[in-house]
Amino acid sequence: MENPIVLDCEVYPNYFLLALKRIKDDKILTFELIGEESTFTVKERNRIKGILVQHFTVGFNSRNYDIPIIFYALKGKTAKEICDLSNKIINEYKYGWLVNQKHDLPSHQALTHCDLQEPSPGVMISLKLYGGRLHSNKLQDLPIEPNSTLTVLEMNATKVYCINDLDTTIDLFNQVKERIQLRFDMGEKYNLNLLSKSDAQIAEAVIKQELEKINPNINFSKPPSLEKLKIKSYKYQPPNFIKFETKELQDALELIKNETFKVGNNGSIVLPDTIKKLKIKIGETQYQLGIGGLHSKDKSTSIIPEKNYFLIDKDVASYYPAIILNNKLYPKNLTSSFLNVYKSLVESRLNAKKSGDKVVNESLKIVINGSFGKIENRYSALYSPDLMIAVTLTGQLSLLMLIEQLELSNIQVVSANTDGFVSYFYKEKFRDYESISTEWENVTGFELEETEYKALYSRDVNNYLAVTEKGYKGKGIFTLGDIGKNPSADICVEAVIKLLKDGIPVSKTIKECENIKKFLHVRTVNGGATYKGSYLGRVVRWVYVKNGDTIYYKKPNKIGNHNKVPKSDNSLPIMELKGVPEDLDYERYISESLDILDDIGLTKL
């Protein structure tokens, strides 16, 4: 992964630009076609080919767009012909392989190339939005409408825009380069090109290859198309160990066993309304089942254990893999050979984790966890909707078994979510707590991992802050620096965390902060946004100031008015980073921090 070069293309009827930038020294190289009938010379084509073949290149949505476009240009096509293909890619062809097939072009896999779109966290996220989440220096939309005939000045503006996109791509590459390195390492181990694949795609590729080694007769044909896919139905068969003592849970189990789970036309399991509406109360906490996992219906609350109490979180180690292996579940079209491969991967990962082999541990974690994402993907060779519902329901019912036993022993469970739960109880009940947990492990074959909390501050089950001896664990709004979500005045959350963890006043944290990035709100605006009549773009970011204005949607609503972008009143757009504004409204940020405290059940301080 030495000396990566990022690339990007801009395409117009009379202008084509290929821009490249070497990350280590910021060296920029551009190739341009000016005029509709212009083509690259043989010398230029050879130079471009040499760069692509000899170097590790990086792009964004490049396997579906930029690489096919570049290969098409290397066939001696004119700027106008390249623009025509660009329009077809945007309007007709969804995937790069289809472009390659239709126009006899090489695949990106013939190169050492990484399309960052799949390895990066997030679904259907634009490069501009990643730029907002990563606090890239400048957010900018395409300056000239597609398919325009450009003037020389507009060509220069387009080049500046393209180079800014290269910088954003570099920001994203630097954020996920450890994930890219893992793909290099795994590619060498399995002799596969995994650079432009998501975790789930890597899992499918590796498992298919390993299965072929032990059973070459397995049929890896993909499931039928939507037109041919008949709606199937499944009955859930719980493992024999799932048993309940209370009538409410016994009735719930019977309902689930007798229910029919159907597969919709899109290939996904449809959760029956009877189960959607099923509310299970154990002790003082209510639980709801779902396709994605168990959830407790938490209220905003803050728990700081009293002197004679424990507040403990228990999670099931590698829950879904353990369910698959312990219950011998596998996609029927892959035969039981799947279990042999899966077990080998899980054991290899555990051995690597124990020995401190980080590369193997993280690589196999991708394969093991990613494979479950493919089980409900109807385009995957691993597709198995009956397996998906068997795994998720078994996981939820198993947890409810343990929660029931704890509550029957007067050990309160205050929260549960997918693969774990939090208990709050007298210290004198600890022996019972451990005994019940151990018995459950013996019966189910699962393994619990324990973390003691010093405090738990929760808005709901998906948004909480848990303080531990070593620091804290946050989820939802309490997760900082996560490019899977938009920044929303992170300084407010940081101020709350410092108050709860270290006792530092909210106002002190906010007023002493000099980092503009921590005050930013970022949002995607469909159709683009305007501020005081000036167009900003489809991804906007702003701070609150005392003398600010409101950001509006460019596109009017049904009655002809322009809706305001939520939470953007009294704001100042920050499309290019600079210092903290002199009239920054610190009091508003303090107020938002106090609102967070109020949301987790604490009095505004």
# chains A, B, ... in the order shown; residues from 1 in each chain; ligands from 1
>>> select_by_dssp(residues="segment 271-310 of chain A", states="strand (DSSP E)", output="short mmCIF file (atom, residue, chain, number, x, y, z; two decimals) with C-alpha atoms, in the first residue's frame")
data_model
loop_
_atom_site.label_atom_id
_atom_site.label_comp_id
_atom_site.auth_asym_id
_atom_site.auth_seq_id
_atom_site.Cartn_x
_atom_site.Cartn_y
_atom_site.Cartn_z
CA LYS A 279 -44.70 -6.67 24.32
CA ILE A 280 -43.00 -8.80 26.98
CA LYS A 281 -42.64 -7.46 30.51
CA ILE A 282 -40.14 -9.06 32.88
CA THR A 285 -38.65 -3.66 32.07
CA GLN A 286 -40.55 -4.20 28.82
CA TYR A 287 -38.98 -5.97 25.83
CA GLN A 288 -39.78 -6.13 22.15
CA HIS A 295 -34.68 -4.30 22.52
CA SER A 296 -35.80 -3.15 25.91
CA THR A 301 -32.68 7.41 33.08
CA SER A 302 -29.43 7.82 34.96
CA ILE A 303 -28.11 5.14 37.29
CA TYR A 309 -25.04 -2.06 44.58
CA PHE A 310 -23.48 -3.40 41.36
#
>>> residues_around(residues="segment 148-154 of chain A", least_positions_apart="6", cutoff="10 Å", atoms="only C-alpha atoms", output="list in words")
Val11, Tyr12, Pro13, Asn14, Tyr15, Ile34, Gly35, Glu36 and Val160 of chain A
>>> write_last_selection(atoms="N, CA, C and O atoms", output="mmCIF file, in the first residue's frame")
data_model
loop_
_atom_site.group_PDB
_atom_site.id
_atom_site.type_symbol
_atom_site.label_atom_id
_atom_site.label_comp_id
_atom_site.auth_asym_id
_atom_site.auth_seq_id
_atom_site.Cartn_x
_atom_site.Cartn_y
_atom_site.Cartn_z
ATOM 1 N N VAL A 11 -16.409 15.095 -16.489
ATOM 2 C CA VAL A 11 -16.784 14.808 -17.872
ATOM 3 C C VAL A 11 -17.829 15.798 -18.373
ATOM 4 O O VAL A 11 -18.883 15.958 -17.746
ATOM 5 N N TYR A 12 -17.522 16.452 -19.492
ATOM 6 C CA TYR A 12 -18.450 17.335 -20.193
ATOM 7 C C TYR A 12 -18.329 17.067 -21.689
ATOM 8 O O TYR A 12 -17.351 16.455 -22.135
ATOM 9 N N PRO A 13 -19.287 17.517 -22.492
ATOM 10 C CA PRO A 13 -19.212 17.232 -23.934
ATOM 11 C C PRO A 13 -17.928 17.736 -24.598
ATOM 12 O O PRO A 13 -17.418 17.092 -25.520
ATOM 13 N N ASN A 14 -17.419 18.873 -24.133
ATOM 14 C CA ASN A 14 -16.215 19.434 -24.757
ATOM 15 C C ASN A 14 -15.009 19.471 -23.812
ATOM 16 O O ASN A 14 -14.033 20.178 -24.057
ATOM 17 N N TYR A 15 -15.104 18.698 -22.714
ATOM 18 C CA TYR A 15 -14.007 18.728 -21.747
ATOM 19 C C TYR A 15 -13.980 17.425 -20.953
ATOM 20 O O TYR A 15 -14.997 16.983 -20.402
ATOM 21 N N ILE A 34 -9.731 18.921 -24.504
ATOM 22 C CA ILE A 34 -10.459 20.175 -24.702
ATOM 23 C C ILE A 34 -11.001 20.190 -26.127
ATOM 24 O O ILE A 34 -10.239 20.143 -27.091
ATOM 25 N N GLY A 35 -12.316 20.224 -26.226
ATOM 26 C CA GLY A 35 -12.973 20.165 -27.527
ATOM 27 C C GLY A 35 -13.664 18.828 -27.719
ATOM 28 O O GLY A 35 -13.146 17.779 -27.308
ATOM 29 N N GLU A 36 -14.835 18.843 -28.343
ATOM 30 C CA GLU A 36 -15.643 17.636 -28.457
ATOM 31 C C GLU A 36 -14.933 16.503 -29.183
ATOM 32 O O GLU A 36 -15.124 15.332 -28.870
ATOM 33 N N VAL A 160 -10.361 23.035 -10.393
ATOM 34 C CA VAL A 160 -10.216 23.360 -8.970
ATOM 35 C C VAL A 160 -11.166 22.492 -8.143
ATOM 36 O O VAL A 160 -10.800 21.951 -7.087
#
>>> residues_around(residues="Asp598 of chain A", least_positions_apart="6", cutoff="12 Å", atoms="only C-alpha atoms", output="CSV table (one decimal) with C-alpha atoms, in the first residue's frame")
chain,number,residue,atom,x,y,z
A,300,SER,CA,-34.5,8.2,29.9
A,301,THR,CA,-32.7,7.4,33.1
A,302,SER,CA,-29.4,7.8,35.0
A,457,TYR,CA,-26.8,7.6,31.5
A,458,SER,CA,-29.4,6.6,29.0
A,459,ARG,CA,-31.8,8.5,26.7
A,496,VAL,CA,-21.8,16.4,28.8
A,591,SER,CA,-28.3,25.2,26.3
A,592,GLU,CA,-28.2,22.2,23.9
A,604,LYS,CA,-30.4,20.9,34.1
A,605,LEU,CA,-27.3,22.1,35.9
>>> residues_around(residues="Gly579 of chain A", least_positions_apart="5", cutoff="8 Å", atoms="only C-alpha atoms", output="list in words")
Glu514, Asn515 and Ile516 of chain A
>>> write_last_selection(atoms="N, CA and C atoms", output="short mmCIF file (atom, residue, chain, number, x, y, z; two decimals), in the first residue's frame")
data_model
loop_
_atom_site.label_atom_id
_atom_site.label_comp_id
_atom_site.auth_asym_id
_atom_site.auth_seq_id
_atom_site.Cartn_x
_atom_site.Cartn_y
_atom_site.Cartn_z
N GLU A 514 -11.49 25.94 21.19
CA GLU A 514 -11.10 26.80 20.06
C GLU A 514 -11.10 26.04 18.74
N ASN A 515 -11.66 24.85 18.73
CA ASN A 515 -11.70 24.01 17.53
C ASN A 515 -13.05 24.15 16.85
N ILE A 516 -13.09 24.84 15.71
CA ILE A 516 -14.35 25.09 15.00
C ILE A 516 -15.06 23.80 14.63
#
>>> closest_residue(among="A:Ser380, A:Asn258, A:Thr41, A:Ser398", to="Glu204 of chain A", atoms="only C-alpha atoms")
A:Ser380
>>> residues_around(residues="Asp298 of chain A", least_positions_apart="5", cutoff="7 Å", atoms="only C-alpha atoms", output="list in words")
Ser415, Asp460 and Val461 of chain A
>>> atom_distance(atom1="atom CA of Pro487 of chain A", atom2="atom CA of Leu134 of chain A")
8.8 Å
>>> closest_residue(among="A:Leu166, A:Phe372, A:Phe56, A:Leu311", to="Phe430 of chain A", atoms="only C-alpha atoms")
A:Leu311
>>> residues_around(residues="Ile269 of chain A", least_positions_apart="2", cutoff="12 Å", atoms="only C-alpha atoms", output="number ranges by chain")
A: 231-235, 260-267, 271-272, 290-292, 375-378, 383-390, 392
>>> write_last_selection(atoms="C-alpha atoms", output="mmCIF file, in the first residue's frame")
data_model
loop_
_atom_site.group_PDB
_atom_site.id
_atom_site.type_symbol
_atom_site.label_atom_id
_atom_site.label_comp_id
_atom_site.auth_asym_id
_atom_site.auth_seq_id
_atom_site.Cartn_x
_atom_site.Cartn_y
_atom_site.Cartn_z
ATOM 1 C CA ILE A 231 -43.014 -16.089 -1.549
ATOM 2 C CA LYS A 232 -41.902 -18.813 0.826
ATOM 3 C CA SER A 233 -42.814 -19.288 4.440
ATOM 4 C CA TYR A 234 -40.979 -20.689 7.416
ATOM 5 C CA LYS A 235 -41.825 -22.031 10.839
ATOM 6 C CA THR A 260 -45.568 -18.243 9.842
ATOM 7 C CA PHE A 261 -42.613 -16.137 8.702
ATOM 8 C CA LYS A 262 -42.933 -15.129 5.063
ATOM 9 C CA VAL A 263 -40.308 -13.986 2.605
ATOM 10 C CA GLY A 264 -41.344 -10.880 0.717
ATOM 11 C CA ASN A 265 -40.753 -10.221 -2.975
ATOM 12 C CA ASN A 266 -37.504 -8.448 -2.113
ATOM 13 C CA GLY A 267 -36.173 -11.593 -0.478
ATOM 14 C CA LEU A 271 -41.948 -9.923 10.650
ATOM 15 C CA PRO A 272 -45.574 -10.913 11.400
ATOM 16 C CA GLY A 290 -37.537 -7.664 16.093
ATOM 17 C CA ILE A 291 -35.762 -8.887 12.991
ATOM 18 C CA GLY A 292 -32.654 -6.997 14.086
ATOM 19 C CA ILE A 375 -27.451 -14.390 4.742
ATOM 20 C CA GLU A 376 -30.363 -12.007 4.115
ATOM 21 C CA ASN A 377 -29.057 -10.740 0.757
ATOM 22 C CA ARG A 378 -31.012 -12.472 -2.006
ATOM 23 C CA TYR A 383 -28.609 -16.259 1.046
ATOM 24 C CA SER A 384 -30.737 -18.179 3.531
ATOM 25 C CA PRO A 385 -33.744 -16.334 5.033
ATOM 26 C CA ASP A 386 -34.704 -19.324 7.195
ATOM 27 C CA LEU A 387 -31.212 -19.289 8.711
ATOM 28 C CA MET A 388 -31.435 -15.562 9.381
ATOM 29 C CA ILE A 389 -34.699 -15.840 11.313
ATOM 30 C CA ALA A 390 -33.440 -18.926 13.180
ATOM 31 C CA THR A 392 -31.980 -13.795 15.377
#
>>> residues_around(residues="Ala495 of chain A", least_positions_apart="2", cutoff="8 Å", atoms="only C-alpha atoms", output="list of chain:residue names")
A:Ile491, A:Cys492, A:Val493, A:Ile497, A:Lys498, A:Leu499, A:Ile504, A:Pro505, A:Val506, A:Ser507, A:Thr509, A:Ile510, A:Ser593
>>> closest_atom_pairs(of="segment 57-144 of chain A", to="segment 47-52 of chain A", cutoff="9 Å", atoms="only C-alpha atoms", output="CSV")
residue,atom,partner,partner_atom,distance
A:Thr57,CA,A:Leu52,CA,6.8
A:Ile70,CA,A:Ile48,CA,8.8
A:Phe71,CA,A:Lys49,CA,8.8
A:Leu74,CA,A:Lys49,CA,8.0
A:Leu111,CA,A:Leu52,CA,6.7
A:Thr112,CA,A:Leu52,CA,7.8
A:His113,CA,A:Leu52,CA,8.2
>>> select_by_dssp(residues="segment 120-357 of chain A", states="helix (DSSP H, G or I)", output="PDB file with C-alpha atoms, in the first residue's frame")
ATOM      1  CA  LEU A 127     -18.197  11.711  -1.046  1.00  0.00           C
ATOM      2  CA  LYS A 128     -19.430  15.204  -0.101  1.00  0.00           C
ATOM      3  CA  LEU A 129     -21.181  13.860   2.984  1.00  0.00           C
ATOM      4  CA  TYR A 130     -18.084  11.925   3.995  1.00  0.00           C
ATOM      5  CA  GLY A 131     -16.233  15.223   3.599  1.00  0.00           C
ATOM      6  CA  GLY A 132     -18.680  16.846   6.002  1.00  0.00           C
ATOM      7  CA  ARG A 133     -18.347  14.036   8.515  1.00  0.00           C
ATOM      8  CA  VAL A 152     -12.044  28.126 -20.586  1.00  0.00           C
ATOM      9  CA  LEU A 153     -12.848  29.808 -17.259  1.00  0.00           C
ATOM     10  CA  GLU A 154     -15.389  27.099 -16.450  1.00  0.00           C
ATOM     11  CA  MET A 155     -12.811  24.428 -17.295  1.00  0.00           C
ATOM     12  CA  ASN A 156     -10.435  26.002 -14.787  1.00  0.00           C
ATOM     13  CA  ALA A 157     -13.188  26.136 -12.146  1.00  0.00           C
ATOM     14  CA  THR A 158     -13.979  22.470 -12.806  1.00  0.00           C
ATOM     15  CA  LYS A 159     -10.324  21.560 -12.334  1.00  0.00           C
ATOM     16  CA  VAL A 160     -10.216  23.360  -8.970  1.00  0.00           C
ATOM     17  CA  TYR A 161     -13.398  21.522  -7.942  1.00  0.00           C
ATOM     18  CA  CYS A 162     -11.967  18.152  -9.005  1.00  0.00           C
ATOM     19  CA  ILE A 163      -8.745  18.674  -7.053  1.00  0.00           C
ATOM     20  CA  ASN A 164     -10.821  19.542  -3.978  1.00  0.00           C
ATOM     21  CA  ASP A 165     -12.599  16.201  -4.439  1.00  0.00           C
ATOM     22  CA  LEU A 166      -9.186  14.522  -4.505  1.00  0.00           C
ATOM     23  CA  ASP A 167      -8.398  16.116  -1.151  1.00  0.00           C
ATOM     24  CA  THR A 168     -11.687  14.824   0.276  1.00  0.00           C
ATOM     25  CA  THR A 169     -10.890  11.356  -1.075  1.00  0.00           C
ATOM     26  CA  ILE A 170      -7.507  11.537   0.671  1.00  0.00           C
ATOM     27  CA  ASP A 171      -9.266  12.473   3.936  1.00  0.00           C
ATOM     28  CA  LEU A 172     -11.468   9.413   3.596  1.00  0.00           C
ATOM     29  CA  PHE A 173      -8.542   7.167   2.667  1.00  0.00           C
ATOM     30  CA  ASN A 174      -6.602   8.289   5.748  1.00  0.00           C
ATOM     31  CA  GLN A 175      -9.656   7.567   7.896  1.00  0.00           C
ATOM     32  CA  VAL A 176     -10.079   3.977   6.632  1.00  0.00           C
ATOM     33  CA  LYS A 177      -6.508   3.035   5.666  1.00  0.00           C
ATOM     34  CA  GLU A 178      -6.299   0.364   8.362  1.00  0.00           C
ATOM     35  CA  ARG A 179      -9.329  -1.299   6.780  1.00  0.00           C
ATOM     36  CA  ILE A 180      -7.619  -1.067   3.377  1.00  0.00           C
ATOM     37  CA  GLN A 181      -4.410  -2.576   4.774  1.00  0.00           C
ATOM     38  CA  LEU A 182      -6.434  -5.493   6.130  1.00  0.00           C
ATOM     39  CA  ARG A 183      -7.817  -6.030   2.634  1.00  0.00           C
ATOM     40  CA  PHE A 184      -4.272  -6.134   1.257  1.00  0.00           C
ATOM     41  CA  ASP A 185      -3.246  -8.662   3.904  1.00  0.00           C
ATOM     42  CA  MET A 186      -6.327 -10.824   3.363  1.00  0.00           C
ATOM     43  CA  GLY A 187      -5.905 -10.639  -0.406  1.00  0.00           C
ATOM     44  CA  GLU A 188      -2.417 -12.068  -0.093  1.00  0.00           C
ATOM     45  CA  LYS A 189      -3.563 -14.814   2.280  1.00  0.00           C
ATOM     46  CA  TYR A 190      -6.480 -15.964   0.134  1.00  0.00           C
ATOM     47  CA  ASP A 199     -16.977  -6.593   4.843  1.00  0.00           C
ATOM     48  CA  ALA A 200     -19.932  -8.703   3.718  1.00  0.00           C
ATOM     49  CA  GLN A 201     -18.540  -9.089   0.189  1.00  0.00           C
ATOM     50  CA  ILE A 202     -15.181 -10.196   1.616  1.00  0.00           C
ATOM     51  CA  ALA A 203     -16.957 -12.749   3.799  1.00  0.00           C
ATOM     52  CA  GLU A 204     -18.776 -14.195   0.811  1.00  0.00           C
ATOM     53  CA  ALA A 205     -15.630 -14.372  -1.344  1.00  0.00           C
ATOM     54  CA  VAL A 206     -13.519 -16.047   1.353  1.00  0.00           C
ATOM     55  CA  ILE A 207     -16.178 -18.542   2.419  1.00  0.00           C
ATOM     56  CA  LYS A 208     -16.903 -19.495  -1.202  1.00  0.00           C
ATOM     57  CA  GLN A 209     -13.218 -20.108  -1.847  1.00  0.00           C
ATOM     58  CA  GLU A 210     -12.767 -22.162   1.315  1.00  0.00           C
ATOM     59  CA  LEU A 211     -15.894 -24.195   0.560  1.00  0.00           C
ATOM     60  CA  GLU A 212     -14.687 -24.971  -2.943  1.00  0.00           C
ATOM     61  CA  LYS A 213     -11.531 -26.482  -1.454  1.00  0.00           C
ATOM     62  CA  ILE A 214     -13.423 -29.099   0.575  1.00  0.00           C
ATOM     63  CA  LYS A 247     -46.795 -18.074  31.700  1.00  0.00           C
ATOM     64  CA  GLU A 248     -46.293 -14.818  29.784  1.00  0.00           C
ATOM     65  CA  LEU A 249     -43.033 -16.020  28.273  1.00  0.00           C
ATOM     66  CA  GLN A 250     -44.346 -19.547  27.697  1.00  0.00           C
ATOM     67  CA  ASP A 251     -47.278 -18.066  25.765  1.00  0.00           C
ATOM     68  CA  ALA A 252     -44.920 -15.826  23.787  1.00  0.00           C
ATOM     69  CA  LEU A 253     -42.793 -18.831  22.821  1.00  0.00           C
ATOM     70  CA  GLU A 254     -45.859 -20.778  21.646  1.00  0.00           C
ATOM     71  CA  LEU A 255     -47.029 -17.804  19.589  1.00  0.00           C
ATOM     72  CA  ILE A 256     -43.631 -17.553  17.882  1.00  0.00           C
ATOM     73  CA  LYS A 257     -43.481 -21.304  17.219  1.00  0.00           C
ATOM     74  CA  ASN A 258     -46.942 -21.289  15.629  1.00  0.00           C
ATOM     75  CA  ASP A 273     -47.760  -8.231  12.964  1.00  0.00           C
ATOM     76  CA  THR A 274     -48.455 -10.485  15.953  1.00  0.00           C
ATOM     77  CA  ILE A 275     -44.762 -10.444  16.849  1.00  0.00           C
ATOM     78  CA  LYS A 276     -44.367  -6.733  16.057  1.00  0.00           C
ATOM     79  CA  TYR A 319     -23.229 -14.158  19.609  1.00  0.00           C
ATOM     80  CA  TYR A 320     -24.447 -14.870  16.077  1.00  0.00           C
ATOM     81  CA  PRO A 321     -21.447 -17.066  15.122  1.00  0.00           C
ATOM     82  CA  ALA A 322     -21.944 -19.012  18.368  1.00  0.00           C
ATOM     83  CA  ILE A 323     -25.644 -19.545  17.581  1.00  0.00           C
ATOM     84  CA  ILE A 324     -24.791 -20.794  14.090  1.00  0.00           C
ATOM     85  CA  LEU A 325     -22.157 -23.256  15.301  1.00  0.00           C
ATOM     86  CA  ASN A 326     -23.840 -24.445  18.493  1.00  0.00           C
ATOM     87  CA  LYS A 332     -29.058 -25.529   2.754  1.00  0.00           C
ATOM     88  CA  ASN A 333     -27.617 -24.994  -0.736  1.00  0.00           C
ATOM     89  CA  LEU A 334     -24.089 -24.937   0.742  1.00  0.00           C
ATOM     90  CA  SER A 337     -19.642 -28.197   4.605  1.00  0.00           C
ATOM     91  CA  PHE A 338     -20.419 -24.562   5.464  1.00  0.00           C
ATOM     92  CA  LEU A 339     -20.141 -25.417   9.170  1.00  0.00           C
ATOM     93  CA  ASN A 340     -16.709 -26.963   8.720  1.00  0.00           C
ATOM     94  CA  VAL A 341     -15.402 -23.828   7.038  1.00  0.00           C
ATOM     95  CA  TYR A 342     -17.166 -21.468   9.452  1.00  0.00           C
ATOM     96  CA  LYS A 343     -15.906 -23.330  12.516  1.00  0.00           C
ATOM     97  CA  SER A 344     -12.363 -23.283  11.180  1.00  0.00           C
ATOM     98  CA  LEU A 345     -12.546 -19.517  10.631  1.00  0.00           C
ATOM     99  CA  VAL A 346     -13.960 -18.884  14.124  1.00  0.00           C
ATOM    100  CA  GLU A 347     -11.333 -21.077  15.812  1.00  0.00           C
ATOM    101  CA  SER A 348      -8.519 -19.451  13.818  1.00  0.00           C
ATOM    102  CA  ARG A 349      -9.741 -16.029  14.894  1.00  0.00           C
ATOM    103  CA  LEU A 350      -9.919 -17.014  18.572  1.00  0.00           C
ATOM    104  CA  ASN A 351      -6.385 -18.408  18.404  1.00  0.00           C
ATOM    105  CA  ALA A 352      -5.139 -15.227  16.745  1.00  0.00           C
ATOM    106  CA  LYS A 353      -6.858 -13.102  19.393  1.00  0.00           C
ATOM    107  CA  LYS A 354      -5.212 -15.094  22.199  1.00  0.00           C
ATOM    108  CA  SER A 355      -1.773 -14.949  20.588  1.00  0.00           C
TER     109      SER A 355
END
>>> closest_residue(among="A:Ile23, A:Leu406, A:Ile483, A:Leu465", to="Asp432 of chain A", atoms="only C-alpha atoms")
A:Leu406
>>> closest_residue(among="A:Thr335, A:Asn137, A:Asn61, A:Ser198", to="Phe220 of chain A", atoms="only C-alpha atoms")
A:Thr335
>>> closest_residue(among="A:Tyr65, A:Phe60, A:Tyr544, A:Phe31", to="Met124 of chain A", atoms="only C-alpha atoms")
A:Phe60
>>> closest_residue(among="A:Ile242, A:Ala529, A:Leu289, A:Ala489", to="Val543 of chain A", atoms="only C-alpha atoms")
A:Ala489
